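Participant: See structure_4.tsv below, with TSV, C-alpha atoms and all ligand atoms.
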```tsv
chain	number	residue	atom	x	y	z
A	244	MET	CA	-31.64	-1.06	-21.23
A	245	ALA	CA	-28.58	-2.28	-23.09
A	246	GLY	CA	-24.87	-2.64	-22.57
A	247	VAL	CA	-22.66	-3.36	-19.60
A	248	LEU	CA	-21.42	-0.83	-17.04
A	249	VAL	CA	-18.21	-1.89	-15.26
A	250	PHE	CA	-16.91	-0.21	-12.11
A	251	VAL	CA	-13.13	-0.24	-12.58
A	252	GLU	CA	-11.82	0.17	-9.04
A	253	LEU	CA	-8.45	1.85	-8.61
A	254	ALA	CA	-5.67	1.07	-6.15
A	255	GLY	CA	-3.86	4.39	-6.02
A	256	SER	CA	-3.21	5.39	-9.61
A	257	GLU	CA	-3.64	1.91	-11.12
A	258	PRO	CA	-6.70	-0.25	-11.83
A	259	ARG	CA	-7.00	-3.25	-9.51
A	260	GLY	CA	-6.19	-6.56	-11.22
A	261	VAL	CA	-9.65	-7.94	-10.41
A	262	ALA	CA	-11.22	-4.78	-11.88
A	263	LEU	CA	-9.48	-5.50	-15.19
A	264	GLU	CA	-10.71	-9.10	-14.94
A	265	THR	CA	-14.21	-7.63	-14.50
A	266	LEU	CA	-13.71	-5.87	-17.86
A	267	GLY	CA	-12.84	-9.35	-19.19
A	268	ALA	CA	-16.16	-10.64	-17.83
A	269	ALA	CA	-17.95	-7.76	-19.58
A	270	ALA	CA	-16.23	-8.53	-22.90
A	271	HIS	CA	-17.54	-12.07	-22.53
A	272	VAL	CA	-21.20	-10.88	-22.70
A	273	ALA	CA	-20.81	-7.70	-24.76
A	274	GLY	CA	-21.78	-9.57	-27.94
A	275	THR	CA	-25.26	-10.17	-26.48
A	276	LEU	CA	-25.77	-7.15	-24.23
A	277	GLY	CA	-24.06	-4.38	-26.22
A	278	GLU	CA	-21.30	-1.85	-25.60
A	279	VAL	CA	-19.16	-1.84	-22.47
A	280	THR	CA	-18.80	1.37	-20.46
A	281	ALA	CA	-16.13	1.62	-17.75
A	282	LEU	CA	-16.70	3.80	-14.69
A	283	VAL	CA	-13.60	5.23	-13.02
A	284	ILE	CA	-14.01	7.10	-9.73
A	285	GLY	CA	-11.27	8.94	-7.86
A	286	HIS	CA	-9.22	12.10	-7.77
A	287	GLU	CA	-6.72	13.05	-10.49
A	288	CYS	CA	-7.58	9.85	-12.30
A	289	HIS	CA	-7.87	11.09	-15.88
A	290	ALA	CA	-4.59	9.49	-17.00
A	291	VAL	CA	-5.52	6.08	-15.63
A	292	ALA	CA	-8.98	6.40	-17.22
A	293	GLU	CA	-7.28	6.78	-20.62
A	294	ARG	CA	-5.21	3.64	-19.97
A	295	ILE	CA	-8.35	1.73	-18.97
A	296	GLY	CA	-9.75	2.65	-22.38
A	297	GLN	CA	-7.16	0.27	-23.87
A	298	TYR	CA	-8.80	-2.71	-22.16
A	299	GLY	CA	-11.83	-2.83	-24.43
A	300	PRO	CA	-14.63	-0.50	-23.21
A	301	SER	CA	-16.00	1.84	-25.87
A	302	ARG	CA	-16.67	4.58	-23.26
A	303	VAL	CA	-15.01	5.51	-19.99
A	304	LEU	CA	-17.02	7.67	-17.57
A	305	VAL	CA	-14.74	9.52	-15.17
A	306	VAL	CA	-15.79	10.96	-11.83
A	307	ASP	CA	-12.68	12.96	-10.91
A	308	ASP	CA	-13.15	15.07	-7.81
A	309	PRO	CA	-11.41	15.52	-4.42
A	310	ALA	CA	-14.61	14.25	-2.76
A	311	PHE	CA	-13.79	10.81	-4.23
A	312	ALA	CA	-10.10	10.73	-3.27
A	313	ALA	CA	-10.74	8.07	-0.62
A	314	PRO	CA	-12.76	4.94	-1.47
A	315	VAL	CA	-15.74	5.47	0.85
A	316	ALA	CA	-18.99	3.62	0.17
A	317	GLY	CA	-21.38	6.61	0.46
A	318	PRO	CA	-19.92	8.83	-2.29
A	319	TYR	CA	-18.90	5.88	-4.49
A	320	ALA	CA	-22.41	4.37	-4.32
A	321	ARG	CA	-23.89	7.75	-5.33
A	322	ALA	CA	-21.47	7.97	-8.29
A	323	LEU	CA	-22.34	4.43	-9.38
A	324	GLU	CA	-26.04	5.24	-9.16
A	325	ALA	CA	-25.50	8.35	-11.30
A	326	ALA	CA	-23.57	6.30	-13.89
A	327	VAL	CA	-26.38	3.72	-14.01
A	328	ALA	CA	-28.90	6.54	-14.61
A	329	ALA	CA	-26.69	8.00	-17.36
A	330	THR	CA	-26.05	4.74	-19.23
A	331	GLU	CA	-29.17	2.62	-18.47
A	332	PRO	CA	-27.23	-0.64	-18.74
A	333	ALA	CA	-28.65	-4.16	-18.77
A	334	LEU	CA	-25.88	-5.35	-16.47
A	335	VAL	CA	-23.63	-3.63	-13.92
A	336	LEU	CA	-20.45	-5.50	-13.03
A	337	LEU	CA	-18.21	-4.73	-10.06
A	338	PRO	CA	-15.13	-6.52	-8.76
A	339	ALA	CA	-15.85	-8.56	-5.62
A	340	THR	CA	-13.54	-6.41	-3.51
A	341	THR	CA	-14.39	-4.84	-0.16
A	342	LEU	CA	-15.54	-1.69	-1.96
A	343	GLY	CA	-17.40	-3.52	-4.74
A	344	ARG	CA	-19.17	-5.70	-2.18
A	345	ASP	CA	-20.09	-2.54	-0.26
A	346	ILE	CA	-21.53	-0.41	-3.03
A	347	ALA	CA	-23.23	-2.97	-5.31
A	348	PRO	CA	-25.96	-3.90	-2.77
A	349	ILE	CA	-26.50	-0.23	-1.80
A	350	VAL	CA	-27.29	0.81	-5.37
A	351	ALA	CA	-29.11	-2.43	-6.28
A	352	THR	CA	-31.39	-1.96	-3.25
A	353	ARG	CA	-32.07	1.70	-4.12
A	354	LEU	CA	-33.07	0.65	-7.63
A	355	GLY	CA	-34.96	-2.50	-6.57
A	356	ALA	CA	-32.65	-4.52	-8.83
A	357	PRO	CA	-31.33	-8.08	-8.41
A	358	HIS	CA	-27.79	-8.49	-7.16
A	359	LEU	CA	-25.75	-11.62	-7.98
A	360	VAL	CA	-22.66	-12.06	-5.81
A	361	GLU	CA	-19.19	-13.58	-6.22
A	362	CYS	CA	-19.76	-14.65	-9.84
A	363	MET	CA	-17.37	-17.15	-11.38
A	364	SER	CA	-19.12	-17.52	-14.74
A	365	LEU	CA	-21.65	-15.45	-16.62
A	366	THR	CA	-24.16	-16.40	-19.32
A	367	VAL	CA	-26.77	-14.22	-20.98
A	368	GLU	CA	-29.92	-15.62	-22.59
A	369	ASP	CA	-33.00	-13.90	-24.02
A	370	GLN	CA	-34.82	-13.53	-20.74
A	371	THR	CA	-32.19	-14.21	-18.10
A	372	ILE	CA	-28.68	-13.61	-16.82
A	373	THR	CA	-27.18	-16.70	-15.20
A	374	VAL	CA	-24.08	-16.92	-13.02
A	375	THR	CA	-22.29	-19.57	-10.99
A	376	ARG	CA	-20.98	-18.78	-7.53
A	377	PRO	CA	-19.33	-20.75	-4.73
A	378	VAL	CA	-21.38	-21.84	-1.70
A	379	TYR	CA	-20.72	-23.91	1.44
A	380	GLN	CA	-17.27	-22.41	1.93
A	381	GLY	CA	-16.27	-23.04	-1.66
A	382	LYS	CA	-17.11	-26.76	-1.62
A	383	LEU	CA	-19.90	-26.42	-4.21
A	384	LEU	CA	-20.81	-24.12	-7.06
A	385	THR	CA	-24.41	-23.02	-7.41
A	386	THR	CA	-26.22	-21.57	-10.43
A	387	VAL	CA	-28.24	-18.38	-9.90
A	388	THR	CA	-30.50	-16.73	-12.47
A	389	ALA	CA	-31.90	-13.18	-12.61
A	390	PRO	CA	-34.63	-12.03	-15.03
A	391	ARG	CA	-33.58	-9.40	-17.58
A	392	ASP	CA	-36.64	-7.20	-17.05
A	393	THR	CA	-34.58	-4.71	-15.03
A	394	VAL	CA	-30.91	-3.81	-14.62
A	395	VAL	CA	-28.94	-6.63	-12.93
A	396	PHE	CA	-25.97	-6.07	-10.59
A	397	ALA	CA	-23.21	-8.65	-10.18
A	398	THR	CA	-19.88	-8.78	-8.34
A	399	VAL	CA	-17.11	-10.75	-10.05
A	400	ARG	CA	-14.75	-12.97	-8.09
A	401	ALA	CA	-10.98	-12.57	-8.56
A	402	GLY	CA	-9.39	-15.14	-10.81
A	403	ALA	CA	-12.64	-16.19	-12.49
A	404	PHE	CA	-12.12	-14.23	-15.76
A	405	LYS	CA	-9.03	-13.20	-17.67
A	406	ALA	CA	-8.19	-9.51	-17.94
A	407	PRO	CA	-8.21	-8.35	-21.58
A	408	THR	CA	-4.82	-7.66	-23.14
A	409	PRO	CA	-4.40	-3.87	-23.39
A	410	ASP	CA	-4.21	-2.50	-26.92
A	411	GLU	CA	-2.71	0.97	-27.38
A	412	ALA	CA	-4.55	1.30	-30.68
A	413	LYS	CA	-7.91	1.13	-28.87
A	414	GLN	CA	-9.28	4.53	-28.00
A	415	ALA	CA	-12.37	4.75	-25.81
A	416	THR	CA	-14.42	7.93	-25.54
A	417	ILE	CA	-13.56	9.55	-22.21
A	418	GLU	CA	-16.48	11.46	-20.65
A	419	ARG	CA	-16.29	13.42	-17.44
A	420	MET	CA	-19.25	13.06	-15.11
A	421	THR	CA	-20.18	15.35	-12.23
A	422	VAL	CA	-21.86	13.82	-9.21
A	423	THR	CA	-23.64	15.80	-6.52
A	424	LEU	CA	-23.34	14.37	-3.02
A	425	ASP	CA	-25.71	15.10	-0.17
A	426	ALA	CA	-24.92	15.04	3.56
A	427	ALA	CA	-26.14	11.44	3.91
A	428	ASP	CA	-23.57	10.28	1.34
A	429	GLN	CA	-20.78	11.82	3.37
A	430	ARG	CA	-21.50	10.51	6.85
A	431	ALA	CA	-18.22	8.56	6.88
A	432	ALA	CA	-14.86	10.10	6.04
A	433	VAL	CA	-11.32	8.78	5.86
A	434	THR	CA	-9.18	10.81	8.26
A	435	GLY	CA	-5.84	9.17	7.42
A	436	LEU	CA	-4.15	6.24	5.76
A	437	ALA	CA	-1.39	4.21	7.43
A	438	PRO	CA	1.02	2.03	5.42
A	439	LYS	CA	1.02	-1.64	6.32
A	440	GLY	CA	4.68	-1.35	7.27
A	441	ARG	CA	6.11	-4.07	5.05
A	442	GLY	CA	7.80	-3.57	1.72
A	443	GLY	CA	7.73	-5.98	-1.19
A	444	THR	CA	5.22	-6.53	-3.94
A	445	ALA	CA	1.48	-6.37	-3.19
A	446	LEU	CA	0.20	-9.93	-3.01
A	447	GLU	CA	-2.95	-9.48	-5.10
A	448	SER	CA	-1.14	-7.90	-8.04
A	449	ALA	CA	2.15	-9.85	-7.86
A	450	PRO	CA	2.90	-11.80	-11.05
A	451	ILE	CA	4.69	-14.44	-8.96
A	452	VAL	CA	3.51	-15.64	-5.56
A	453	VAL	CA	5.53	-17.92	-3.27
A	454	VAL	CA	3.21	-19.45	-0.69
A	455	GLY	CA	4.33	-21.18	2.48
A	456	GLY	CA	2.20	-23.71	4.34
A	457	ARG	CA	2.42	-25.51	7.69
A	458	GLY	CA	5.12	-27.72	6.15
A	459	ILE	CA	7.55	-24.79	6.52
A	460	GLY	CA	7.64	-25.72	10.20
A	461	GLY	CA	7.81	-22.29	11.82
A	462	PRO	CA	8.20	-18.56	11.19
A	463	GLN	CA	11.99	-18.84	10.72
A	464	GLY	CA	11.54	-21.07	7.67
A	465	PHE	CA	9.83	-18.19	5.86
A	466	ALA	CA	13.20	-16.41	5.57
A	467	LEU	CA	14.04	-18.94	2.83
A	468	LEU	CA	10.77	-18.16	1.06
A	469	GLU	CA	11.40	-14.38	1.32
A	470	GLU	CA	14.76	-14.93	-0.42
A	471	LEU	CA	13.19	-17.10	-3.10
A	472	ALA	CA	10.42	-14.55	-3.69
A	473	ALA	CA	13.00	-11.75	-3.93
A	474	ALA	CA	15.02	-13.76	-6.48
A	475	LEU	CA	11.87	-14.28	-8.52
A	476	GLY	CA	10.58	-10.71	-8.10
A	477	GLY	CA	7.44	-11.99	-6.39
A	478	ALA	CA	5.49	-11.74	-3.14
A	479	VAL	CA	5.12	-14.13	-0.20
A	480	GLY	CA	1.73	-15.52	0.82
A	481	CYS	CA	0.64	-18.20	3.26
A	482	THR	CA	-2.11	-20.64	4.14
A	483	ARG	CA	-4.60	-20.19	6.92
A	484	ALA	CA	-2.85	-22.87	9.00
A	485	VAL	CA	0.19	-20.58	8.97
A	486	SER	CA	-1.62	-17.31	9.76
A	487	ASP	CA	-3.68	-19.04	12.50
A	488	LEU	CA	-0.41	-20.18	14.08
A	489	GLY	CA	0.80	-16.58	13.98
A	490	TRP	CA	3.81	-17.43	11.79
A	491	ARG	CA	2.77	-14.84	9.21
A	492	PRO	CA	0.29	-11.92	9.26
A	493	HIS	CA	-3.31	-12.64	8.37
A	494	ASP	CA	-3.20	-10.28	5.37
A	495	GLU	CA	-0.86	-12.71	3.60
A	496	GLN	CA	-3.41	-15.51	3.79
A	497	ILE	CA	-4.72	-16.83	0.49
A	498	GLY	CA	-7.99	-18.68	0.14
A	499	GLN	CA	-11.64	-18.65	0.90
A	500	THR	CA	-11.24	-16.54	4.03
A	501	GLY	CA	-8.17	-14.74	2.73
A	502	LYS	CA	-7.03	-13.11	-0.49
A	503	GLN	CA	-7.70	-14.16	-4.06
A	504	VAL	CA	-4.66	-14.23	-6.31
A	505	SER	CA	-4.28	-14.99	-9.99
A	506	PRO	CA	-0.53	-14.74	-10.67
A	507	LYS	CA	1.36	-16.02	-13.68
A	508	LEU	CA	3.24	-18.36	-11.33
A	509	TYR	CA	2.03	-19.77	-7.98
A	510	LEU	CA	4.68	-21.71	-6.07
A	511	GLY	CA	3.28	-23.59	-3.06
A	512	VAL	CA	5.89	-24.80	-0.55
A	513	GLY	CA	4.77	-27.17	2.22
A	514	VAL	CA	1.15	-26.48	1.24
A	515	SER	CA	-1.24	-29.46	1.18
A	516	GLY	CA	-3.75	-27.84	-1.20
A	517	ALA	CA	-7.00	-27.92	0.80
A	518	VAL	CA	-9.98	-26.68	-1.22
A	519	GLN	CA	-10.39	-23.67	1.09
A	520	HIS	CA	-6.89	-22.63	0.02
A	521	THR	CA	-7.00	-23.51	-3.69
A	522	VAL	CA	-10.24	-21.56	-4.20
A	523	GLY	CA	-8.06	-18.47	-3.68
A	524	MET	CA	-5.46	-19.33	-6.33
A	525	ARG	CA	-7.54	-20.99	-9.02
A	526	GLY	CA	-6.70	-18.22	-11.49
A	527	ALA	CA	-2.92	-18.93	-11.38
A	528	GLU	CA	-1.53	-19.64	-14.84
A	529	VAL	CA	1.20	-22.07	-13.74
A	530	VAL	CA	1.18	-23.95	-10.43
A	531	VAL	CA	4.34	-25.44	-8.92
A	532	ALA	CA	4.33	-27.49	-5.71
A	533	ILE	CA	7.22	-28.41	-3.45
A	534	ASN	CA	6.02	-31.03	-0.99
A	535	ARG	CA	7.33	-34.17	0.71
A	536	ASP	CA	4.03	-35.97	0.04
A	537	PRO	CA	3.43	-37.11	-3.57
A	538	ASN	CA	-0.26	-37.55	-2.75
A	539	ALA	CA	-0.84	-34.00	-1.45
A	540	PRO	CA	-3.74	-32.43	-3.43
A	541	LEU	CA	-1.56	-29.49	-4.51
A	542	VAL	CA	1.03	-31.90	-5.94
A	543	GLN	CA	-1.78	-33.62	-7.82
A	544	MET	CA	-3.17	-30.38	-9.31
A	545	ALA	CA	0.23	-28.73	-10.00
A	546	ASP	CA	1.66	-28.27	-13.48
A	547	PHE	CA	5.10	-29.11	-12.01
A	548	ALA	CA	5.87	-30.72	-8.67
A	549	ILE	CA	9.07	-31.38	-6.76
A	550	VAL	CA	8.51	-34.15	-4.21
A	551	ALA	CA	11.16	-33.41	-1.60
A	552	ASP	CA	11.93	-31.62	1.65
A	553	TYR	CA	11.75	-27.89	0.90
A	554	ASN	CA	14.89	-27.29	3.00
A	555	GLU	CA	16.87	-29.09	0.33
A	556	ILE	CA	15.20	-27.53	-2.69
A	557	VAL	CA	14.45	-23.89	-1.88
A	558	PRO	CA	18.04	-22.71	-1.10
A	559	ARG	CA	19.33	-24.38	-4.29
A	560	LEU	CA	16.54	-22.87	-6.35
A	561	THR	CA	17.20	-19.40	-4.92
A	562	LYS	CA	20.95	-19.69	-5.53
A	563	ARG	CA	20.42	-20.74	-9.15
A	564	LEU	CA	17.95	-17.91	-9.77
A	565	GLN	CA	20.37	-15.39	-8.25
A	566	GLU	CA	23.16	-16.72	-10.50
A	567	LEU	CA	20.93	-16.43	-13.56
A	568	ARG	CA	19.94	-12.87	-12.61
A	569	GLU	CA	23.55	-11.92	-12.09
A	570	ALA	CA	24.57	-13.43	-15.42
A	571	ALA	CA	21.70	-11.62	-17.16
A	572	GLY	CA	22.77	-8.36	-15.49
A	573	LYS	CA	26.35	-8.76	-16.78
A	574	ALA	CA	25.29	-9.68	-20.31
B	601	LIG	C1	-14.25	-22.40	7.01
B	601	LIG	C2	-12.82	-22.62	6.64
B	601	LIG	C3	-12.17	-21.65	5.92
B	601	LIG	C4	-10.83	-21.83	5.57
B	601	LIG	N1	-10.20	-20.86	4.85
B	601	LIG	C5	-8.92	-21.06	4.46
B	601	LIG	C6	-8.23	-20.09	3.66
B	601	LIG	O1	-8.73	-19.03	3.32
B	601	LIG	N2	-6.95	-20.37	3.30
B	601	LIG	C7	-6.31	-21.53	3.64
B	601	LIG	O2	-5.13	-21.70	3.26
B	601	LIG	N3	-6.93	-22.45	4.40
B	601	LIG	C8	-8.21	-22.23	4.83
B	601	LIG	N4	-8.80	-23.16	5.62
B	601	LIG	C9	-7.99	-24.26	6.15
B	601	LIG	C10	-7.79	-25.39	5.16
B	601	LIG	O3	-8.87	-26.28	5.27
B	601	LIG	C11	-6.48	-26.17	5.48
B	601	LIG	O4	-6.51	-26.63	6.82
B	601	LIG	C12	-5.21	-25.34	5.30
B	601	LIG	O5	-5.21	-24.71	4.03
B	601	LIG	C13	-4.00	-26.25	5.40
B	601	LIG	O6	-2.84	-25.47	5.41
B	601	LIG	P1	-1.44	-26.08	4.99
B	601	LIG	O7	-1.51	-26.62	3.61
B	601	LIG	O8	-0.44	-25.02	5.31
B	601	LIG	O9	-1.22	-27.22	6.10
B	601	LIG	P2	-1.29	-28.79	6.02
B	601	LIG	O10	-2.59	-29.24	5.49
B	601	LIG	O11	-0.88	-29.26	7.37
B	601	LIG	O12	-0.19	-29.20	4.94
B	601	LIG	C14	1.18	-29.12	5.16
B	601	LIG	C15	1.87	-29.74	3.96
B	601	LIG	O13	3.26	-29.56	4.08
B	601	LIG	C16	3.92	-30.75	3.62
B	601	LIG	N5	5.22	-30.77	4.27
B	601	LIG	C17	5.53	-30.99	5.59
B	601	LIG	N6	6.83	-30.85	5.80
B	601	LIG	C18	7.40	-30.53	4.62
B	601	LIG	C19	8.75	-30.27	4.20
B	601	LIG	N7	9.76	-30.26	5.07
B	601	LIG	N8	8.97	-30.00	2.90
B	601	LIG	C20	7.96	-30.00	1.99
B	601	LIG	N9	6.67	-30.25	2.34
B	601	LIG	C21	6.40	-30.50	3.64
B	601	LIG	C22	3.00	-31.87	4.02
B	601	LIG	O14	3.22	-33.02	3.22
B	601	LIG	C23	1.62	-31.25	3.80
B	601	LIG	O15	1.15	-31.52	2.49
B	601	LIG	C24	-10.15	-23.00	5.96
B	601	LIG	C25	-10.83	-23.98	6.68
B	601	LIG	C26	-12.15	-23.80	7.02
B	601	LIG	C27	-12.86	-24.88	7.76
```
Mind turning this structure into structure tokens?

Facilitator:
Amino acid sequence: MAGVLVFVELAGSEPRGVALETLGAAAHVAGTLGEVTALVIGHECHAVAERIGQYGPSRVLVVDDPAFAAPVAGPYARALEAAVAATEPALVLLPATTLGRDIAPIVATRLGAPHLVECMSLTVEDQTITVTRPVYQGKLLTTVTAPRDTVVFATVRAGAFKAPTPDEAKQATIERMTVTLDAADQRAAVTGLAPKGRGGTALESAPIVVVGGRGIGGPQGFALLEELAAALGGAVGCTRAVSDLGWRPHDEQIGQTGKQVSPKLYLGVGVSGAVQHTVGMRGAEVVVAINRDPNAPLVQMADFAIVADYNEIVPRLTKRLQELREAAGKA
């Protein structure tokens, strides 16, 4: 057993951001465990597999078959199990997405292997693999250790590791893998996919996220944030207080019981910065807060803060950004 196998989950024809971060986690321990192999599963995914090769793995295993067009746990778990058999890794890393959380325990249980969940850090020693993970609704971090006498499975939390910078000069070996499914693997099938109905940039992959909290005062106030997000080329998110009030849909909620984001810029407007929220945006590179309260936790943790009523600041900010965009367009 040596090396790291990483399941690089796709969203359509692109790798998920957290899947690339999982490759970053693998790079972190490759010096001790050995070469990194990426596993790409889907249909007509050869081109994306080649791009994934630029993110550091030395091999990319590709399961490219119509049977894997939809991300269903049964077939994907069987493909992961086949990749583990083919590569005999010391560690298998998966992103802590719905699919990663589904298939990691299935395969770990089949193989009688330990499974570490929601990892935020990863250390390898002679005899053990140690991770930290949040507990008690994100209020504490706990340290969990698994012995290295068998393969170890771990899911990696979004925002915990940095995605490697792609390098076009890096060429991984691309190997096609065939996986045989039995009837039990195919008990569930996707019969159709429905769009969510809203346009805009996907929250999880948006480089800029404008988040509104209860301080926005009502659903109408979010029109200002939509305009600001459009001027910045970003997506709108919200806190749980907002989604619980029905001001915005639940799928825009960021935090412990919502989505994990790690944008280049997080702009929190009327957001207090409760730990259950900030655990979902810890990976943001730059944090800006607009809040009336100078003592709000988000103001305290922000790289830049504007202490003011958002009604005064946001329209001016949007106008200035639109002017700058227009001027750049004319130049
Ligand atoms: C088990 C559990 C899970 C949870 N999961 C999540 C989660 O996933 N995500 C999440 O977000 N929360 C979660 N919460 C809730 C979390 O604890 C907070 O209650 C919530 O994040 C607060 O939302 P908020 O910042 O919008 O509201 P508030 O805490 O009410 O903050 C509003 C802020 O707006 C400011 N403000 C008011 N008016 C203005 C104005 N005109 N201009 C500028 N600023 C203004 C105020 O100063 C204040 O700081 C969870 C809680 C529990 C118990």

Participant: Give me the residues of segment 417-499 of chain A that have any atom at most 8 Å from an atom of segment 306-321 of chain A; for each, the nearest atom pair and the distance in Å, rounded to one decimal. Use all atoms listed in the file, sort by chain and number, and format it as a tab-separated table.

Facilitator:
```
residue	atom	partner	partner_atom	distance
A:Arg419	CA	A:Val306	CA	6.1
A:Met420	CA	A:Val306	CA	5.2
A:Thr421	CA	A:Val306	CA	6.2
A:Val422	CA	A:Val306	CA	7.2
A:Leu424	CA	A:Pro318	CA	6.6
A:Ala427	CA	A:Gly317	CA	7.6
A:Asp428	CA	A:Gly317	CA	4.4
A:Gln429	CA	A:Gly317	CA	6.0
A:Arg430	CA	A:Gly317	CA	7.5
A:Ala431	CA	A:Val315	CA	7.2
A:Ala432	CA	A:Val315	CA	7.0
A:Val433	CA	A:Ala313	CA	6.5
```

Participant: Go ahead and write the selection's residues with C-alpha atoms as a CSV table (one decimal), in the frame of the given file.

Facilitator:
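File written: again-v7.csv
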```csv
chain,number,residue,atom,x,y,z
A,419,ARG,CA,-16.3,13.4,-17.4
A,420,MET,CA,-19.2,13.1,-15.1
A,421,THR,CA,-20.2,15.4,-12.2
A,422,VAL,CA,-21.9,13.8,-9.2
A,424,LEU,CA,-23.3,14.4,-3.0
A,427,ALA,CA,-26.1,11.4,3.9
A,428,ASP,CA,-23.6,10.3,1.3
A,429,GLN,CA,-20.8,11.8,3.4
A,430,ARG,CA,-21.5,10.5,6.8
A,431,ALA,CA,-18.2,8.6,6.9
A,432,ALA,CA,-14.9,10.1,6.0
A,433,VAL,CA,-11.3,8.8,5.9
```

Participant: Please provide the set of residues having any atom within 7 Å of Asp410 of chain A, restricted to all atoms listed in the file, with same-chain residues fewer than 2 positions apart removed, written as JSON, numbers by chain.

Facilitator: {"A": [297, 298, 408, 412, 413]}

Participant: Please identify all polymer residues within 8 Å of Pro450 of chain A, counting all atoms listed in the file, omitting same-chain residues fewer than 4 positions from it, and present them as number ranges by chain.

Facilitator: A: 477, 505-508

Participant: Counting all atoms listed in the file, what are the residues, protein, DNA or RNA alike, that approach ligand LIG 601 (chain B) to within 6 Å? I want them as a PyMOL selection string.

Facilitator: chain A and resi 380+456-458+482-485+497-501+513-517+519-520+533-536+539+551-553

Participant: Quick one: residues within 9 Å of (-14.4, 7.8, -27.0) (file frame), counting all atoms listed in the file, please, as number ranges by chain.

Facilitator: A: 296, 301-303, 414-418

Participant: Store the residues of this selection in a file with C-alpha atoms, as an mmCIF file, keeping the file's coordinate frame.

Facilitator:
```cif
data_model
loop_
_atom_site.group_PDB
_atom_site.id
_atom_site.type_symbol
_atom_site.label_atom_id
_atom_site.label_comp_id
_atom_site.auth_asym_id
_atom_site.auth_seq_id
_atom_site.Cartn_x
_atom_site.Cartn_y
_atom_site.Cartn_z
ATOM 1 C CA GLY A 296 -9.750 2.650 -22.380
ATOM 2 C CA SER A 301 -16.000 1.840 -25.870
ATOM 3 C CA ARG A 302 -16.670 4.580 -23.260
ATOM 4 C CA VAL A 303 -15.010 5.510 -19.990
ATOM 5 C CA GLN A 414 -9.280 4.530 -28.000
ATOM 6 C CA ALA A 415 -12.370 4.750 -25.810
ATOM 7 C CA THR A 416 -14.420 7.930 -25.540
ATOM 8 C CA ILE A 417 -13.560 9.550 -22.210
ATOM 9 C CA GLU A 418 -16.480 11.460 -20.650
#
```

Participant: Every residue with an atom at most 10 Å from (13.2, -17.5, -3.3) (file coordinates; only C-alpha atoms) is what I'm after, so could you write them as a list of chain:residue names?

Facilitator: A:Val453, A:Phe465, A:Ala466, A:Leu467, A:Leu468, A:Glu469, A:Glu470, A:Leu471, A:Ala472, A:Ala473, A:Ala474, A:Leu475, A:Gly476, A:Gly477, A:Ala478, A:Val479, A:Leu510, A:Val557, A:Pro558, A:Arg559, A:Leu560, A:Thr561, A:Lys562, A:Arg563, A:Leu564, A:Gln565

Participant: In Å to one decimal, how far is atom CA of Gly255 of chain A from atom CA of Val272 of chain A?

Facilitator: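 Result for atom CA of Val272 of chain A versus atom CA of Gly255 of chain A: 28.5 Å, one decimal.
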
Participant: Fewer than 4 positions away in the same chain doesn't count, so skip those; otherwise give me all residues within 9 Å of Asp392 of chain A, counting only C-alpha atoms, as a PyMOL selection string.

Facilitator: chain A and resi 244+333+370-371

Participant: Quick check, in Å to one decimal: how far apart do atom CA of Leu336 of chain A and atom CA of Gly526 of chain A lie?

Facilitator: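 Computing it gives 18.8 Å between the two atoms.
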
Participant: What is the distance, in Å and to one decimal place, between atom CA of Thr375 of chain A and atom CA of Glu257 of chain A?

Facilitator: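 It comes out at 28.4 Å.
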
Participant: Take every atom of segment 304-317 of chain A listed in the file, fit an axis-aligned box around them, add 5 Å per side, and give the centre and edge lengths in Å to one decimal as lines of an AutoDock Vina configuration file.

Facilitator:
```
center_x = -15.7
center_y = 9.6
center_z = -8.4
size_x = 21.3
size_y = 21.9
size_z = 28.4
```

Participant: Considering only C-alpha atoms, can you say which of A:Thr385, A:Thr423, A:Thr280, A:Thr275 comes closest to Asp369 of chain A?

Facilitator: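 Closest candidate: A:Thr275.
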
Participant: Looking at A:Ala262, A:Val452, A:Ala329, A:Ala545, which one is nearest to Val399 of chain A, with distances taken over only C-alpha atoms?

Facilitator: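 Of all the options, A:Ala262 lies closest to Val399 of chain A.
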
Participant: Need the shell around Leu263 of chain A: protein/DNA/RNA residues with any atom at most 7 Å away, counting all atoms listed in the file. Skip same-chain ones fewer than 5 positions apart. Format as a ChimeraX atom specification?

Facilitator: /A:251,258,406

Participant: Compare A:Val518, A:Asp345, A:Leu334, A:Ala326 by their minimum atom-to-atom distance to Tyr379 of chain A, counting only C-alpha atoms, and give me the closest one.

Facilitator: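 The closest residue to Tyr379 of chain A is A:Val518.
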
Participant: Pick out the residues sitting within 6 Å of segment 354-365 of chain A, and hand them over as a PDB file with C-alpha atoms, in the frame of the given file; count all atoms listed in the file, and ignore anything fewer than 5 positions along from it in its own chain.

Facilitator:
```pdb
ATOM      1  CA  THR A 373     -27.180 -16.700 -15.200  1.00  0.00           C
ATOM      2  CA  VAL A 374     -24.080 -16.920 -13.020  1.00  0.00           C
ATOM      3  CA  THR A 375     -22.290 -19.570 -10.990  1.00  0.00           C
ATOM      4  CA  ARG A 376     -20.980 -18.780  -7.530  1.00  0.00           C
ATOM      5  CA  VAL A 395     -28.940  -6.630 -12.930  1.00  0.00           C
ATOM      6  CA  PHE A 396     -25.970  -6.070 -10.590  1.00  0.00           C
ATOM      7  CA  ALA A 397     -23.210  -8.650 -10.180  1.00  0.00           C
ATOM      8  CA  THR A 398     -19.880  -8.780  -8.340  1.00  0.00           C
ATOM      9  CA  VAL A 399     -17.110 -10.750 -10.050  1.00  0.00           C
ATOM     10  CA  ARG A 400     -14.750 -12.970  -8.090  1.00  0.00           C
ATOM     11  CA  ALA A 403     -12.640 -16.190 -12.490  1.00  0.00           C
TER      12      ALA A 403
END
```
